[in-house]
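Enquirer: Provided herewith: start.cif, mmCIF, C-alpha atoms and all ligand atoms.
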```
data_upload
loop_
_atom_site.label_atom_id
_atom_site.label_comp_id
_atom_site.auth_asym_id
_atom_site.auth_seq_id
_atom_site.Cartn_x
_atom_site.Cartn_y
_atom_site.Cartn_z
CA MET A 26 25.96 -38.02 47.65
CA VAL A 27 26.75 -34.31 47.64
CA LYS A 28 26.84 -32.70 51.06
CA ILE A 29 24.87 -29.49 50.76
CA ILE A 30 25.11 -28.56 54.45
CA ASP A 31 28.18 -29.48 56.45
CA VAL A 32 28.35 -28.26 60.03
CA LYS A 33 31.62 -28.82 61.87
CA HIS A 34 32.26 -28.38 65.60
CA LEU A 35 29.66 -25.66 65.90
CA THR A 36 29.69 -23.87 69.25
CA LYS A 37 27.65 -20.88 70.32
CA ALA A 38 28.28 -19.45 73.75
CA TYR A 39 26.78 -16.53 75.58
CA GLY A 40 28.08 -14.68 78.62
CA THR A 41 31.54 -13.82 79.86
CA HIS A 42 34.58 -16.07 79.87
CA LEU A 43 34.05 -16.92 83.55
CA ASN A 44 30.31 -17.38 83.34
CA GLN A 45 29.73 -18.89 79.94
CA THR A 46 26.68 -20.80 78.72
CA LYS A 47 27.15 -22.98 75.68
CA VAL A 48 23.87 -23.05 73.77
CA LEU A 49 25.44 -25.19 71.04
CA ASP A 50 28.37 -27.34 72.06
CA ASN A 51 30.65 -28.81 69.39
CA LEU A 52 27.77 -29.84 67.13
CA SER A 53 28.65 -31.59 63.85
CA PHE A 54 26.33 -33.02 61.19
CA SER A 55 25.77 -32.94 57.46
CA VAL A 56 22.82 -32.96 55.09
CA ASP A 57 22.94 -34.40 51.57
CA LYS A 58 21.51 -32.59 48.58
CA GLY A 59 17.82 -33.42 48.23
CA GLU A 60 17.22 -34.50 51.84
CA PHE A 61 14.25 -33.31 53.89
CA VAL A 62 15.64 -33.13 57.42
CA GLY A 63 13.85 -32.22 60.63
CA ILE A 64 15.45 -30.75 63.73
CA MET A 65 13.70 -31.62 66.98
CA GLY A 66 14.46 -31.33 70.66
CA PRO A 67 12.99 -29.91 73.85
CA SER A 68 12.44 -26.20 74.31
CA GLY A 69 15.76 -24.47 74.98
CA ALA A 70 17.75 -27.20 73.18
CA GLY A 71 19.29 -24.66 70.79
CA LYS A 72 17.18 -25.27 67.65
CA THR A 73 16.47 -21.62 66.86
CA THR A 74 20.07 -20.69 67.62
CA LEU A 75 21.19 -23.36 65.16
CA MET A 76 18.79 -22.21 62.45
CA ASN A 77 19.87 -18.60 62.88
CA ILE A 78 23.49 -19.58 62.36
CA LEU A 79 22.75 -21.85 59.38
CA SER A 80 20.75 -19.14 57.68
CA SER A 81 23.56 -16.62 58.35
CA ILE A 82 21.50 -14.41 60.66
CA SER A 83 24.01 -14.88 63.47
CA LEU A 84 27.61 -16.04 63.80
CA PRO A 85 28.92 -19.00 65.80
CA THR A 86 31.48 -18.65 68.57
CA MET A 87 33.48 -21.48 67.01
CA GLY A 88 33.16 -23.95 64.18
CA SER A 89 32.23 -23.78 60.51
CA VAL A 90 29.09 -24.04 58.39
CA TYR A 91 29.52 -25.04 54.76
CA ILE A 92 26.51 -24.52 52.53
CA GLY A 93 26.97 -25.50 48.90
CA GLY A 94 30.72 -25.70 49.50
CA GLN A 95 31.07 -22.19 50.97
CA ASP A 96 31.89 -21.53 54.62
CA ILE A 97 29.17 -18.99 55.31
CA THR A 98 30.74 -17.93 58.61
CA ARG A 99 33.58 -16.38 56.61
CA LEU A 100 31.65 -14.49 53.96
CA LYS A 101 31.92 -10.70 53.67
CA GLU A 102 28.77 -8.56 53.87
CA LYS A 103 28.24 -8.33 50.10
CA GLU A 104 28.80 -12.08 49.59
CA LEU A 105 26.46 -12.77 52.48
CA SER A 106 23.62 -10.77 51.01
CA ASP A 107 24.08 -12.60 47.68
CA PHE A 108 24.10 -15.90 49.53
CA ARG A 109 20.89 -15.07 51.42
CA ARG A 110 19.11 -13.88 48.28
CA LYS A 111 20.14 -16.60 45.85
CA LYS A 112 21.01 -19.76 47.74
CA ILE A 113 18.51 -20.01 50.58
CA GLY A 114 14.81 -19.52 51.21
CA PHE A 115 13.05 -19.03 54.54
CA ILE A 116 9.63 -20.05 55.77
CA PHE A 117 8.80 -18.82 59.24
CA GLN A 118 5.84 -19.30 61.51
CA ASP A 119 4.68 -15.71 61.10
CA PHE A 120 4.88 -15.42 57.25
CA ASN A 121 6.44 -11.91 57.02
CA LEU A 122 4.29 -10.98 54.00
CA LEU A 123 4.05 -7.34 52.97
CA ASP A 124 0.46 -6.16 53.53
CA THR A 125 0.51 -3.57 50.75
CA LEU A 126 1.48 -6.07 48.04
CA THR A 127 -0.70 -8.65 46.32
CA THR A 128 0.09 -12.35 46.49
CA LYS A 129 1.78 -12.13 43.11
CA ASP A 130 3.97 -9.19 44.10
CA ASN A 131 4.87 -10.74 47.43
CA ILE A 132 6.12 -13.82 45.59
CA LEU A 133 7.83 -11.71 42.90
CA LEU A 134 9.65 -9.49 45.35
CA PRO A 135 12.90 -11.46 45.72
CA LEU A 136 13.18 -11.74 41.92
CA ALA A 137 12.49 -8.05 41.37
CA ILE A 138 15.39 -7.22 43.69
CA ASP A 139 17.60 -9.34 41.43
CA LYS A 140 16.24 -7.61 38.31
CA LEU A 141 15.44 -10.82 36.43
CA PRO A 142 13.81 -10.44 32.97
CA ILE A 143 10.04 -9.94 33.32
CA GLU A 144 9.14 -13.02 31.32
CA GLU A 145 11.36 -15.21 33.49
CA MET A 146 9.80 -13.72 36.63
CA GLU A 147 6.27 -14.31 35.35
CA ASN A 148 7.08 -17.92 34.44
CA ARG A 149 8.62 -18.68 37.78
CA VAL A 150 5.74 -17.16 39.74
CA LYS A 151 3.27 -19.09 37.61
CA ARG A 152 5.04 -22.41 38.21
CA VAL A 153 5.34 -21.87 41.97
CA ALA A 154 1.69 -20.78 42.23
CA GLU A 155 0.58 -23.91 40.38
CA LEU A 156 2.72 -26.12 42.56
CA LEU A 157 1.24 -24.57 45.70
CA GLY A 158 -2.33 -24.41 44.39
CA ILE A 159 -2.56 -20.61 44.85
CA SER A 160 -2.93 -19.43 41.23
CA TYR A 161 -6.45 -18.18 41.99
CA LEU A 162 -5.14 -15.95 44.81
CA MET A 163 -2.67 -13.90 42.77
CA ASP A 164 -4.54 -10.56 43.00
CA ARG A 165 -5.50 -10.78 46.66
CA TYR A 166 -3.81 -8.91 49.49
CA PRO A 167 -2.59 -10.72 52.63
CA ASP A 168 -5.57 -9.56 54.73
CA GLU A 169 -7.86 -11.28 52.21
CA LEU A 170 -6.15 -14.63 52.74
CA SER A 171 -6.68 -17.37 55.29
CA VAL A 172 -3.79 -18.31 57.56
CA GLY A 173 -3.09 -21.45 55.51
CA GLN A 174 -3.14 -19.48 52.26
CA LYS A 175 -0.75 -16.90 53.71
CA GLN A 176 1.67 -19.63 54.66
CA ARG A 177 1.55 -21.04 51.14
CA VAL A 178 2.26 -17.58 49.71
CA ALA A 179 5.22 -17.31 52.09
CA ALA A 180 6.37 -20.73 50.91
CA GLY A 181 6.02 -19.52 47.30
CA ARG A 182 8.21 -16.52 48.02
CA ALA A 183 10.87 -18.85 49.47
CA MET A 184 10.67 -21.24 46.51
CA VAL A 185 10.62 -18.74 43.65
CA VAL A 186 14.32 -17.98 43.91
CA GLN A 187 14.93 -21.71 43.37
CA PRO A 188 17.17 -21.88 46.41
CA GLU A 189 19.52 -24.73 47.13
CA VAL A 190 18.19 -24.97 50.66
CA ILE A 191 14.92 -23.97 52.31
CA PHE A 192 15.02 -23.31 56.04
CA ALA A 193 11.67 -23.65 57.75
CA ASP A 194 11.22 -22.74 61.42
CA GLU A 195 7.97 -24.17 62.80
CA PRO A 196 6.25 -23.57 59.42
CA THR A 197 3.03 -25.25 60.55
CA GLY A 198 3.04 -23.55 63.97
CA SER A 199 0.05 -21.32 63.28
CA LEU A 200 -1.85 -23.59 60.89
CA ASP A 201 -4.86 -25.80 61.53
CA SER A 202 -4.24 -29.48 60.86
CA LYS A 203 -5.74 -29.46 57.35
CA SER A 204 -3.67 -26.45 56.21
CA ALA A 205 -0.61 -27.92 57.89
CA ALA A 206 -0.99 -31.21 56.03
CA GLU A 207 -1.49 -29.33 52.76
CA LEU A 208 1.64 -27.21 53.21
CA LEU A 209 3.66 -30.27 54.15
CA ARG A 210 2.48 -32.13 51.07
CA TYR A 211 3.64 -29.21 48.92
CA LEU A 212 7.00 -29.09 50.67
CA ALA A 213 7.43 -32.84 50.24
CA GLU A 214 6.59 -32.49 46.54
CA LEU A 215 9.07 -29.67 46.09
CA ASN A 216 11.68 -31.74 47.83
CA LEU A 217 10.97 -34.78 45.68
CA HIS A 218 10.55 -33.23 42.25
CA GLN A 219 12.92 -30.29 42.38
CA GLU A 220 15.48 -31.84 44.72
CA THR A 221 15.32 -28.80 46.96
CA THR A 222 16.96 -29.59 50.26
CA ILE A 223 14.77 -28.68 53.23
CA LEU A 224 15.81 -28.24 56.84
CA MET A 225 12.87 -27.77 59.17
CA VAL A 226 12.61 -27.15 62.90
CA THR A 227 9.46 -28.51 64.44
CA HIS A 228 8.18 -29.75 67.77
CA ASP A 229 5.28 -31.56 66.15
CA PRO A 230 5.70 -35.29 65.30
CA PHE A 231 3.03 -35.13 62.58
CA THR A 232 4.91 -32.32 60.81
CA ALA A 233 8.18 -34.17 61.35
CA SER A 234 6.77 -37.33 59.77
CA TYR A 235 7.06 -35.67 56.34
CA CYS A 236 10.87 -35.60 56.68
CA ASN A 237 13.25 -38.39 55.66
CA ARG A 238 15.43 -37.97 58.72
CA ILE A 239 15.20 -36.23 62.08
CA LEU A 240 18.12 -34.94 64.12
CA PHE A 241 17.35 -34.63 67.80
CA ILE A 242 19.33 -32.14 69.82
CA LYS A 243 19.30 -31.62 73.55
CA ASP A 244 21.24 -29.07 75.60
CA GLY A 245 23.10 -27.99 72.47
CA VAL A 246 24.50 -31.40 71.62
CA PHE A 247 23.50 -34.04 69.12
CA PHE A 248 21.32 -36.59 70.93
CA ALA A 249 19.99 -39.04 68.33
CA GLU A 250 18.94 -39.51 64.76
CA VAL A 251 15.85 -41.23 63.37
CA VAL A 252 15.80 -42.21 59.71
CA ARG A 253 12.60 -43.00 57.84
CA ARG A 254 12.68 -46.48 56.35
CA GLY A 255 9.05 -47.54 56.20
CA SER A 256 5.70 -45.75 55.99
CA ARG A 257 5.09 -42.23 57.25
CA LYS A 258 2.93 -43.66 60.03
CA GLU A 259 5.76 -45.91 61.23
CA PHE A 260 8.14 -42.97 61.11
CA PHE A 261 5.65 -40.88 63.11
CA GLU A 262 5.63 -43.60 65.82
CA GLN A 263 9.44 -43.67 65.87
CA VAL A 264 9.58 -39.90 66.23
CA ILE A 265 7.14 -39.97 69.15
CA ASP A 266 9.12 -42.71 70.88
CA MET A 267 12.32 -40.70 70.51
CA GLN A 268 10.58 -37.59 71.82
CA ALA A 269 9.50 -39.55 74.88
CA THR A 270 13.08 -40.76 75.37
CA ILE A 271 14.54 -37.28 75.05
CA GLY A 272 11.82 -35.76 77.27
CA GLY A 273 9.18 -33.22 76.31
CA GLY A 274 6.37 -34.15 73.96
CA GLY A 275 3.70 -36.78 74.22
CA ARG A 276 1.48 -38.80 71.97
CA THR A 277 -1.00 -37.07 69.72
CA ASN A 278 -3.58 -38.62 67.48
CA ALA A 279 -2.71 -37.04 64.18
CA PHE A 280 -3.35 -40.22 62.20
P1 LIG A 301 15.03 -23.71 71.15
O1 LIG A 301 14.79 -23.06 69.83
O2 LIG A 301 15.50 -25.13 71.02
O3 LIG A 301 13.88 -23.61 72.10
P2 LIG A 301 16.95 -21.56 71.56
O4 LIG A 301 17.96 -21.72 70.49
O5 LIG A 301 15.91 -20.51 71.36
O6 LIG A 301 16.27 -22.98 71.85
O7 LIG A 301 17.66 -21.24 72.95
C1 LIG A 301 18.60 -22.12 73.54
C2 LIG A 301 19.14 -21.52 74.82
O8 LIG A 301 19.93 -20.39 74.50
C3 LIG A 301 18.06 -21.06 75.78
O9 LIG A 301 18.43 -21.47 77.07
C4 LIG A 301 18.11 -19.55 75.65
O10 LIG A 301 17.75 -18.95 76.87
C5 LIG A 301 19.56 -19.28 75.31
N1 LIG A 301 19.75 -18.05 74.52
C6 LIG A 301 19.25 -17.81 73.28
N2 LIG A 301 19.63 -16.59 72.83
C7 LIG A 301 20.38 -16.04 73.83
C8 LIG A 301 21.06 -14.78 74.01
N3 LIG A 301 21.04 -13.84 73.06
N4 LIG A 301 21.73 -14.59 75.16
C9 LIG A 301 21.77 -15.55 76.12
N5 LIG A 301 21.17 -16.73 76.03
C10 LIG A 301 20.46 -16.99 74.91
#
```
Translate the structure described by the file into structure tokens.
Expert:
Amino acid sequence: MVKIIDVKHLTKAYGTHLNQTKVLDNLSFSVDKGEFVGIMGPSGAGKTTLMNILSSISLPTMGSVYIGGQDITRLKEKELSDFRRKKIGFIFQDFNLLDTLTTKDNILLPLAIDKLPIEEMENRVKRVAELLGISYLMDRYPDELSVGQKQRVAAGRAMVVQPEVIFADEPTGSLDSKSAAELLRYLAELNLHQETTILMVTHDPFTASYCNRILFIKDGVFFAEVVRRGSRKEFFEQVIDMQATIGGGGRTNAF
């Protein structure tokens, strides 16, 4: 198996030397190419801090983060912007779509910045739109879309660059359960058929049940891991049990 993400002794501390808080404390883990991994843990565990470091938005205090063989904590500004544009895609809770652009142009945007040939851009947008079931929305503006549709457009924009890794931070956070299930099915399909590695932070066991493996963190350290071996429903039960063990989160009736 090829390790696509390899995090070694990651520490993030805030404050002064005498009064230091370690938000992440010597965290190490790796993710193989093609995995769909969830990150869970109670509020304040350090999940967002971790995602920000992995997606090169912020730097660790100590430790290294290899993505596709490159230590991203050591890249220069120009290499970093290439890395962000070509190797990774983001899906956030609040979409970040541009209101003045149509669905098609929102999805095209990252490719236009890279000046890809027009035919290649058109083909890629078409494929992503088909995969996400949004071909019929291409000429609409964000304010003409439902919340679930917006999130699929945002997912399309992340996928169109054909990134090695997609980072998703609470991607179903503002979706109703039907739209959430739809988005997760698309993500699972992308993961399966295009071998795109996905790393997703979520607090929701139903969302997490689409992953193959969940890493639980608490107080900035690795707490436990749950690997899916049977059905999604069984995995969902395992995730809930682990959430109860770690504290924070109760049973829901998603199934
Ligand atoms: P989670 O996403 O798991 O809820 P976060 O990564 O957002 O957790 O935060 C983890 C801890 O780090 C929290 O206690 C938070 O208050 C603290 N923290 C986050 N950013 C900063 C910062 N810039 N300065 C000081 N403390 C911070």
Enquirer: Select, from A:Leu100, A:Leu122, A:Val226, A:Leu208, the residue with the minimum atom-to-atom distance to ligand LIG 301 (chain A), counting all atoms listed in the file.
Expert: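 Looking only at the distances to ligand LIG 301 (chain A), the closest residue turns out to be A:Val226.
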Enquirer: Taking all atoms listed in the file into account, which residues are within 7 Å of ligand LIG 301 (chain A), as a PyMOL selection string?
Expert: chain A and resi 39-40+48+66-75
Enquirer: What is the atom CA of Glu220 of chain A to atom CA of Glu60 of chain A distance in Å?
Expert: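 Between these atoms lies a distance of 7.8 Å.
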Enquirer: For Val264 of chain A, please output as a PyMOL selection string all residues within 8 Å (counting all atoms listed in the file; exclusion window: fewer than 5 positions along the same chain).
Expert: chain A and resi 230+233-234+239+251
Enquirer: One number please: atom CA of Arg109 of chain A to atom CA of Ile191 of chain A, in Å, one decimal.
Expert: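 These two atoms are separated by 10.8 Å.
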Enquirer: Could you state the separation of atom CA of Leu217 of chain A and atom CA of Lys258 of chain A in Å, given to one decimal place?
Expert: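 Computing it gives 18.7 Å between the two atoms.
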Enquirer: Using only C-alpha atoms, can you tell me which of A:Gly173, A:Gly272, A:Gly93, A:Pro85 comes closest to Asp201 of chain A?
Expert: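 The closest residue to Asp201 of chain A is A:Gly173.
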Enquirer: Report as a ChimeraX atom specification all protein, DNA and RNA residues lying within 8 Å of Ala193 of chain A, evaluated on all atoms listed in the file, omitting residues in the same chain fewer than 5 positions from it.
Expert: /A:115-117,223-226
Enquirer: Counting all atoms listed in the file, write as a list in words all protein and nucleic acid residues lying at most 12 Å from (15.5, -45.4, 58.4) in the file's frame.
Expert: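 Every residue inside that radius is included here: Ser234, Cys236, Asn237, Arg238, Ile239, Glu250, Val251, Val252, Arg253, Arg254, Gly255, Ser256, Arg257, Glu259, Phe260, Phe261, Gln263 and Val264 of chain A.
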Enquirer: I need the residue nearest Tyr235 of chain A from this list: A:His218, A:Arg149, A:Arg210, A:Lys33. Use all atoms listed in the file for the distance.
Expert: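 Of A:His218, A:Arg149, A:Arg210, A:Lys33, the one nearest Tyr235 of chain A is A:Arg210, counting all atoms listed in the file.
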Enquirer: For Lys37 of chain A, find every residue with an atom within 10 Å (counting all atoms listed in the file), except residues of its own chain fewer than 6 positions away, and show them as a ChimeraX atom specification.
Expert: /A:46-52,71,74-75,78,83-88,245
Enquirer: Neighbouring residues of Ser55 of chain A were defined as those with any atom within 10 Å, considering only C-alpha atoms; residues of the same chain fewer than 3 positions away were excluded. Please report them as a list in words.
Expert: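 Counting only C-alpha atoms, the residues come to Val27, Lys28, Ile29, Ile30, Asp31, Val32, Lys33, Lys58, Val90, Tyr91 and Ile92 of chain A.
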Enquirer: Taking all atoms listed in the file into account, which of A:Thr98, A:Arg110, A:Phe241, A:Gln118 comes nearest Asp194 of chain A?
Expert: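 Counting all atoms listed in the file, the residue closest to Asp194 of chain A is A:Gln118.
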Enquirer: Find, counting only C-alpha atoms, the residue in A:Asp57, A:Glu189, A:Asp96, A:Glu102 that gets nearest to Gly114 of chain A.
Expert: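 Of all the options, A:Glu189 lies closest to Gly114 of chain A.
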Enquirer: Which residues, written as a PDB file with C-alpha atoms, keeping the file's coordinate frame, have at least one atom at most 10 Å from Ser202 of chain A, with only C-alpha atoms counted and residues fewer than 3 positions away on the same chain left out?
Expert:
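Output below, filename result.pdb:
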```pdb
ATOM      1  CA  GLY A 173      -3.090 -21.450  55.510  1.00  0.00           C
ATOM      2  CA  THR A 197       3.030 -25.250  60.550  1.00  0.00           C
ATOM      3  CA  GLY A 198       3.040 -23.550  63.970  1.00  0.00           C
ATOM      4  CA  SER A 199       0.050 -21.320  63.280  1.00  0.00           C
ATOM      5  CA  ALA A 205      -0.610 -27.920  57.890  1.00  0.00           C
ATOM      6  CA  ALA A 206      -0.990 -31.210  56.030  1.00  0.00           C
ATOM      7  CA  GLU A 207      -1.490 -29.330  52.760  1.00  0.00           C
ATOM      8  CA  LEU A 208       1.640 -27.210  53.210  1.00  0.00           C
ATOM      9  CA  PHE A 231       3.030 -35.130  62.580  1.00  0.00           C
ATOM     10  CA  THR A 232       4.910 -32.320  60.810  1.00  0.00           C
ATOM     11  CA  ALA A 279      -2.710 -37.040  64.180  1.00  0.00           C
TER      12      ALA A 279
END
```
Enquirer: Which one is closest to Ala183 of chain A: A:Phe120, A:Tyr161, A:Phe248, A:Tyr166? Count only C-alpha atoms.
Expert: A:Phe120
Enquirer: Provide segment 108-119 of chain A rebuilt to all heavy atoms, formatted as a PDB file, keeping the file's coordinate frame.
Expert:
```
ATOM      1  N   PHE A 108      24.383 -14.547  49.068  1.00  0.00           N
ATOM      2  CA  PHE A 108      24.100 -15.900  49.530  1.00  0.00           C
ATOM      3  C   PHE A 108      22.651 -16.007  50.029  1.00  0.00           C
ATOM      4  O   PHE A 108      21.908 -16.898  49.646  1.00  0.00           O
ATOM      5  CB  PHE A 108      25.074 -16.262  50.664  1.00  0.00           C
ATOM      6  CG  PHE A 108      24.663 -17.455  51.481  1.00  0.00           C
ATOM      7  CD1 PHE A 108      24.885 -18.742  50.993  1.00  0.00           C
ATOM      8  CD2 PHE A 108      24.032 -17.298  52.708  1.00  0.00           C
ATOM      9  CE1 PHE A 108      24.475 -19.843  51.741  1.00  0.00           C
ATOM     10  CE2 PHE A 108      23.628 -18.395  53.451  1.00  0.00           C
ATOM     11  CZ  PHE A 108      23.855 -19.665  52.964  1.00  0.00           C
ATOM     12  N   ARG A 109      22.249 -15.039  50.857  1.00  0.00           N
ATOM     13  CA  ARG A 109      20.890 -15.070  51.420  1.00  0.00           C
ATOM     14  C   ARG A 109      19.840 -14.969  50.324  1.00  0.00           C
ATOM     15  O   ARG A 109      18.799 -15.603  50.382  1.00  0.00           O
ATOM     16  CB  ARG A 109      20.685 -13.922  52.397  1.00  0.00           C
ATOM     17  CG  ARG A 109      21.399 -14.127  53.700  1.00  0.00           C
ATOM     18  CD  ARG A 109      20.948 -13.076  54.719  1.00  0.00           C
ATOM     19  NE  ARG A 109      21.915 -12.970  55.768  1.00  0.00           N
ATOM     20  CZ  ARG A 109      22.650 -11.887  56.012  1.00  0.00           C
ATOM     21  NH1 ARG A 109      22.501 -10.810  55.286  1.00  0.00           N
ATOM     22  NH2 ARG A 109      23.520 -11.893  56.989  1.00  0.00           N
ATOM     23  N   ARG A 110      20.110 -14.124  49.322  1.00  0.00           N
ATOM     24  CA  ARG A 110      19.110 -13.880  48.280  1.00  0.00           C
ATOM     25  C   ARG A 110      19.000 -15.014  47.277  1.00  0.00           C
ATOM     26  O   ARG A 110      17.929 -15.319  46.791  1.00  0.00           O
ATOM     27  CB  ARG A 110      19.454 -12.592  47.560  1.00  0.00           C
ATOM     28  CG  ARG A 110      18.423 -11.546  47.751  1.00  0.00           C
ATOM     29  CD  ARG A 110      18.580 -10.296  46.951  1.00  0.00           C
ATOM     30  NE  ARG A 110      19.452 -10.334  45.832  1.00  0.00           N
ATOM     31  CZ  ARG A 110      20.665  -9.773  45.806  1.00  0.00           C
ATOM     32  NH1 ARG A 110      21.132  -9.168  46.878  1.00  0.00           N
ATOM     33  NH2 ARG A 110      21.402  -9.812  44.724  1.00  0.00           N
ATOM     34  N   LYS A 111      20.151 -15.660  46.983  1.00  0.00           N
ATOM     35  CA  LYS A 111      20.140 -16.600  45.850  1.00  0.00           C
ATOM     36  C   LYS A 111      20.186 -18.068  46.267  1.00  0.00           C
ATOM     37  O   LYS A 111      19.732 -18.931  45.543  1.00  0.00           O
ATOM     38  CB  LYS A 111      21.329 -16.318  44.939  1.00  0.00           C
ATOM     39  CG  LYS A 111      21.204 -14.961  44.289  1.00  0.00           C
ATOM     40  CD  LYS A 111      22.380 -14.662  43.408  1.00  0.00           C
ATOM     41  CE  LYS A 111      22.226 -13.276  42.825  1.00  0.00           C
ATOM     42  NZ  LYS A 111      23.486 -12.729  42.344  1.00  0.00           N
ATOM     43  N   LYS A 112      20.777 -18.355  47.411  1.00  0.00           N
ATOM     44  CA  LYS A 112      21.010 -19.760  47.740  1.00  0.00           C
ATOM     45  C   LYS A 112      20.011 -20.336  48.726  1.00  0.00           C
ATOM     46  O   LYS A 112      19.868 -21.543  48.815  1.00  0.00           O
ATOM     47  CB  LYS A 112      22.430 -19.920  48.325  1.00  0.00           C
ATOM     48  CG  LYS A 112      23.548 -19.542  47.385  1.00  0.00           C
ATOM     49  CD  LYS A 112      23.996 -20.762  46.621  1.00  0.00           C
ATOM     50  CE  LYS A 112      25.026 -20.466  45.577  1.00  0.00           C
ATOM     51  NZ  LYS A 112      26.383 -20.478  46.085  1.00  0.00           N
ATOM     52  N   ILE A 113      19.391 -19.455  49.538  1.00  0.00           N
ATOM     53  CA  ILE A 113      18.510 -20.010  50.580  1.00  0.00           C
ATOM     54  C   ILE A 113      17.144 -19.323  50.568  1.00  0.00           C
ATOM     55  O   ILE A 113      17.000 -18.190  50.122  1.00  0.00           O
ATOM     56  CB  ILE A 113      19.140 -19.902  51.996  1.00  0.00           C
ATOM     57  CG1 ILE A 113      19.457 -18.450  52.353  1.00  0.00           C
ATOM     58  CG2 ILE A 113      20.379 -20.761  52.111  1.00  0.00           C
ATOM     59  CD1 ILE A 113      20.013 -18.284  53.762  1.00  0.00           C
ATOM     60  N   GLY A 114      16.153 -20.072  51.039  1.00  0.00           N
ATOM     61  CA  GLY A 114      14.810 -19.520  51.210  1.00  0.00           C
ATOM     62  C   GLY A 114      14.362 -19.775  52.634  1.00  0.00           C
ATOM     63  O   GLY A 114      14.792 -20.753  53.257  1.00  0.00           O
ATOM     64  N   PHE A 115      13.522 -18.884  53.156  1.00  0.00           N
ATOM     65  CA  PHE A 115      13.050 -19.030  54.540  1.00  0.00           C
ATOM     66  C   PHE A 115      11.539 -19.162  54.593  1.00  0.00           C
ATOM     67  O   PHE A 115      10.843 -18.436  53.887  1.00  0.00           O
ATOM     68  CB  PHE A 115      13.341 -17.780  55.375  1.00  0.00           C
ATOM     69  CG  PHE A 115      14.763 -17.378  55.440  1.00  0.00           C
ATOM     70  CD1 PHE A 115      15.257 -16.423  54.578  1.00  0.00           C
ATOM     71  CD2 PHE A 115      15.610 -17.936  56.385  1.00  0.00           C
ATOM     72  CE1 PHE A 115      16.574 -16.029  54.634  1.00  0.00           C
ATOM     73  CE2 PHE A 115      16.919 -17.550  56.455  1.00  0.00           C
ATOM     74  CZ  PHE A 115      17.414 -16.596  55.576  1.00  0.00           C
ATOM     75  N   ILE A 116      11.074 -20.038  55.453  1.00  0.00           N
ATOM     76  CA  ILE A 116       9.630 -20.050  55.770  1.00  0.00           C
ATOM     77  C   ILE A 116       9.523 -20.021  57.287  1.00  0.00           C
ATOM     78  O   ILE A 116      10.016 -20.922  57.963  1.00  0.00           O
ATOM     79  CB  ILE A 116       8.931 -21.312  55.234  1.00  0.00           C
ATOM     80  CG1 ILE A 116       9.225 -21.508  53.746  1.00  0.00           C
ATOM     81  CG2 ILE A 116       7.430 -21.220  55.478  1.00  0.00           C
ATOM     82  CD1 ILE A 116       8.666 -22.800  53.168  1.00  0.00           C
ATOM     83  N   PHE A 117       8.927 -18.960  57.788  1.00  0.00           N
ATOM     84  CA  PHE A 117       8.800 -18.820  59.240  1.00  0.00           C
ATOM     85  C   PHE A 117       7.356 -19.023  59.664  1.00  0.00           C
ATOM     86  O   PHE A 117       6.443 -19.033  58.838  1.00  0.00           O
ATOM     87  CB  PHE A 117       9.248 -17.432  59.687  1.00  0.00           C
ATOM     88  CG  PHE A 117      10.692 -17.162  59.444  1.00  0.00           C
ATOM     89  CD1 PHE A 117      11.086 -16.215  58.521  1.00  0.00           C
ATOM     90  CD2 PHE A 117      11.662 -17.881  60.128  1.00  0.00           C
ATOM     91  CE1 PHE A 117      12.428 -15.969  58.282  1.00  0.00           C
ATOM     92  CE2 PHE A 117      13.005 -17.638  59.894  1.00  0.00           C
ATOM     93  CZ  PHE A 117      13.386 -16.680  58.975  1.00  0.00           C
ATOM     94  N   GLN A 118       7.187 -19.106  60.968  1.00  0.00           N
ATOM     95  CA  GLN A 118       5.840 -19.300  61.510  1.00  0.00           C
ATOM     96  C   GLN A 118       4.941 -18.094  61.220  1.00  0.00           C
ATOM     97  O   GLN A 118       3.767 -18.242  60.976  1.00  0.00           O
ATOM     98  CB  GLN A 118       5.961 -19.511  63.017  1.00  0.00           C
ATOM     99  CG  GLN A 118       4.674 -19.908  63.665  1.00  0.00           C
ATOM    100  CD  GLN A 118       4.875 -20.224  65.133  1.00  0.00           C
ATOM    101  OE1 GLN A 118       5.990 -20.536  65.567  1.00  0.00           O
ATOM    102  NE2 GLN A 118       3.827 -20.143  65.901  1.00  0.00           N
ATOM    103  N   ASP A 119       5.539 -16.892  61.228  1.00  0.00           N
ATOM    104  CA  ASP A 119       4.680 -15.710  61.100  1.00  0.00           C
ATOM    105  C   ASP A 119       4.801 -15.029  59.725  1.00  0.00           C
ATOM    106  O   ASP A 119       4.700 -13.818  59.611  1.00  0.00           O
ATOM    107  CB  ASP A 119       4.929 -14.724  62.247  1.00  0.00           C
ATOM    108  CG  ASP A 119       6.404 -14.398  62.367  1.00  0.00           C
ATOM    109  OD1 ASP A 119       7.179 -14.925  61.548  1.00  0.00           O
ATOM    110  OD2 ASP A 119       6.773 -13.622  63.252  1.00  0.00           O
TER     111      ASP A 119
END
```
